[in-house]
Amino acid sequence: MESAMTKERVALERPVGAKRMQLRYGFNEIDAWWHIALGENREKIRRHLRLMGTEVVRIFVFDKPVPDPMTQWRLFAAYVQAVLDAGARPMVTFAKYHPPHDDPRNLRNYVARCTEIVWGCIEQWGGKQVSDWLWCVWNEPNNLSIGGGLSLPRYLCIYREVAKAIHRLLEPYLLGRKARIGGPAVDGFQPYWLDWITGLVNEIDDALVGFVSWHRYGDWRPTLPGATLGVDLLGSPDAPSGEAYEMLLMAQTPDYEGRARSVARVIAGRDILNVCGELNTVVHHDYRFVGGLNQNAFGGAYYVSAMIHLLRGGADLEMRWTATANDDAYGLMTMHGEPTPACLGKQLFARHVQRGDWVRFPSYRSDTPHLDAVVVWGENGRRSGVFVNTASGPQVLAVRDWDDDLSVCNTLLRIDTSTGTHVVREPFNGTVHLDGYGIAVVTNAGEIEVE
């Protein structure tokens with residue numbers, strides 16, 4: 001327990017209006033599992049994961065083109081070990097089982113398969129380590145095409161049986177800690193998404209709920225008219241085109257804060273983590289569909305803006321879909337370990353905004369509505385300010401107008417629409433210029449490695 005003197009020292013050191021940075025960084029690493037686990041560029045991929053401060057990586061079983069632990073344990077073990085070698089913890093996700101979901105025999109078989117995997121992990125990596133992992137029950141149960149379109153009562157029945165079985169295996173190693181079992185990994189596009197989280201935390205024994213997970217993307221519609229790509233919009237209108245679509249997407253990043261706050265209220269006072277389990281700009285694998293908006297400077301600005309709002313809203317973990325592209329439009333880096341501009345933007349943010357830092361959010365300025373910012377105080381006198389331009393036009397700002405504590409900074413790092421696929425490092429003279437969508441960091445810790 002902290003002494004009174006220690007508490008007084010901490011209180012004195014806390015900057016006015018600041019709070020502790022609590023957001024953990026994470027990723028979904030699913031379709032590209034081979035490249036992180038066994039691919040020839042796996043060390044480059046893991047290095048970028050470490051540079052992005054990755055603490056949790058979500059992996060799937062029973063779904064997606066990933067190794068089946070029941071028949072391909074060695075490949076599954078390599079998948080898990082790759083996450084551990086990157087310095088992260090796995091979030092093992094038991095995605096689903098085939099319907100009918102109300103068949104008691106199907107549920108018993110599903111519970112047996114889940115517990116067999118947990119038991120195998122304990123045997124291979126030891127109970128002490130495995131008890132610290134995260135275990136997610138199902139994926140998007142409220143989405144018909146992804147998770148089977150379960151009813152909430154049916155999902156809670158499945159969750160309860162799986163969670164009880166997993167908890168029995170982990171309990172000897174928990175030593176009073178809570179098992180990090182959770183769900184529902186709810187699809188945020190669906191109406192009444194918050195009902196699923198409210199239902200989970202109020203209907204299930206508190207000991208069996210260690211986190212709640214929710215998904216939020218900017219849009220699911222293509223950047224081009226749906227008819228040109230053969231996309232069924234299910235009665236929805238086409239998205240606006242060009243810069244109008246970009247403006248629409250960027251205008252939604254504050255919703256990450258609102259949703260995080262809503263979830264935080266539901267779980268307040270309980271040892272339950274608030275997890276944004278999937279986020280990205282546009283939902284699709286096809287480059288034609290997405291138009292580069294997940295991976296370019298726009299995608300980087302969207303991602304960092306979303307993280308700032310998640311941090312403001314009290315989220316405990318963010319998990320972008322995905323870290324590595326399997327030749328698709330999602331990943332922050334290629335299967336060869338090459339970083340996209342969005343990857344470098346995440347690295348800039350994660351290297352200068354670290355868990356445990358003090359953070360403060362400059363007040364909203366009506367004259368600069370397209371700028372998001374966070375000011376950071378870290379160990380050993382580290383000071384940094386992160387600024388995100390969420391507009392396509394250039395932005396110039398005098399840092400002293402945002403925070404006087406950044407006057408000690410001497411280095412400017414930035415990536416925007418003009419810098420290509422690298423971070424520009426230059427002396428800081430008090431002014432930040434961002435050429436279109438981008439991220440800038442002013443810091444007195446310019447020696448921190450980014451790329």
# chains A, B, ... in the order shown; residues from 1 in each chain; ligands from 1
>>> residues_around(residues="region 214-227 of chain A", least_positions_apart="3", cutoff="6 Å", atoms="only C-alpha atoms", output="list in words")
Ala185, Val186, Asp187, Gly188, Gly230, Val231, Asp238, Leu249, Cys276, Gly277, Glu278, Leu279, Asn280, Thr281, Val282, Val283, Phe289 and Val290 of chain A
>>> write_last_selection(atoms="C-alpha atoms", output="short mmCIF file (atom, residue, chain, number, x, y, z; two decimals), in the first residue's frame")
data_model
loop_
_atom_site.label_atom_id
_atom_site.label_comp_id
_atom_site.auth_asym_id
_atom_site.auth_seq_id
_atom_site.Cartn_x
_atom_site.Cartn_y
_atom_site.Cartn_z
CA ALA A 185 -17.75 -8.95 -29.30
CA VAL A 186 -20.94 -7.24 -30.38
CA ASP A 187 -21.43 -5.73 -33.86
CA GLY A 188 -21.84 -1.99 -33.36
CA GLY A 230 -22.03 -5.87 -57.47
CA VAL A 231 -22.65 -5.05 -53.81
CA ASP A 238 -24.83 4.45 -51.59
CA LEU A 249 -16.05 8.89 -41.86
CA CYS A 276 -13.17 -1.91 -28.31
CA GLY A 277 -12.51 -5.29 -29.86
CA GLU A 278 -12.55 -4.28 -33.53
CA LEU A 279 -12.11 -0.90 -35.18
CA ASN A 280 -11.14 0.32 -38.61
CA THR A 281 -12.33 2.77 -41.21
CA VAL A 282 -14.26 0.68 -43.79
CA VAL A 283 -15.28 -2.97 -43.42
CA PHE A 289 -14.20 -1.46 -52.05
CA VAL A 290 -12.09 0.43 -49.48
#
>>> select_by_dssp(residues="region 385-417 of chain A", states="helix (DSSP H, G or I)", output="list in words")
Val399, Arg400, Asp401, Asp404, Asp405, Leu406, Ser407 and Val408 of chain A
>>> residues_around(residues="Leu406 (chain A)", least_positions_apart="3", cutoff="9 Å", atoms="only C-alpha atoms", output="ChimeraX atom specification")
/A:375,383-385,399-400,402-403,409,430,442-444
>>> atom_distance(atom1="CA of Pro65 (chain A)", atom2="CA of Glu29 (chain A)")
11.6 Å
>>> closest_atom_pairs(of="region 70-98 of chain A", to="region 39-56 of chain A", cutoff="12 Å", atoms="only C-alpha atoms", output="tab-separated table")
residue	atom	partner	partner_atom	distance
A:Ala78	CA	A:Gly39	CA	11.0
A:Tyr79	CA	A:Gly39	CA	10.9
A:Val80	CA	A:Val56	CA	11.4
A:Gln81	CA	A:Arg46	CA	11.4
A:Ala82	CA	A:Arg46	CA	7.9
A:Val83	CA	A:Arg46	CA	8.1
A:Leu84	CA	A:Val56	CA	9.4
A:Asp85	CA	A:Arg46	CA	7.6
A:Ala86	CA	A:Arg46	CA	5.0
A:Gly87	CA	A:Arg50	CA	6.8
A:Ala88	CA	A:Glu55	CA	4.4
A:Arg89	CA	A:Val56	CA	4.7
A:Pro90	CA	A:Val56	CA	5.7
A:Met91	CA	A:Val56	CA	6.6
A:Val92	CA	A:Val56	CA	10.1
>>> closest_residue(among="A:Gln395, A:Ser363, A:Ser418, A:Thr322", to="Gly26 (chain A)", atoms="only C-alpha atoms")
A:Thr322
>>> residues_around(residues="Leu194 (chain A)", least_positions_apart="3", cutoff="9 Å", atoms="only C-alpha atoms", output="list in words")
Val186, Gly188, Pro191, Ile197, Thr198, Gly199, Trp214, Arg259, Ser262 and Val263 of chain A
>>> atom_distance(atom1="CA of Thr71 (chain A)", atom2="CA of Ile122 (chain A)")
17.6 Å
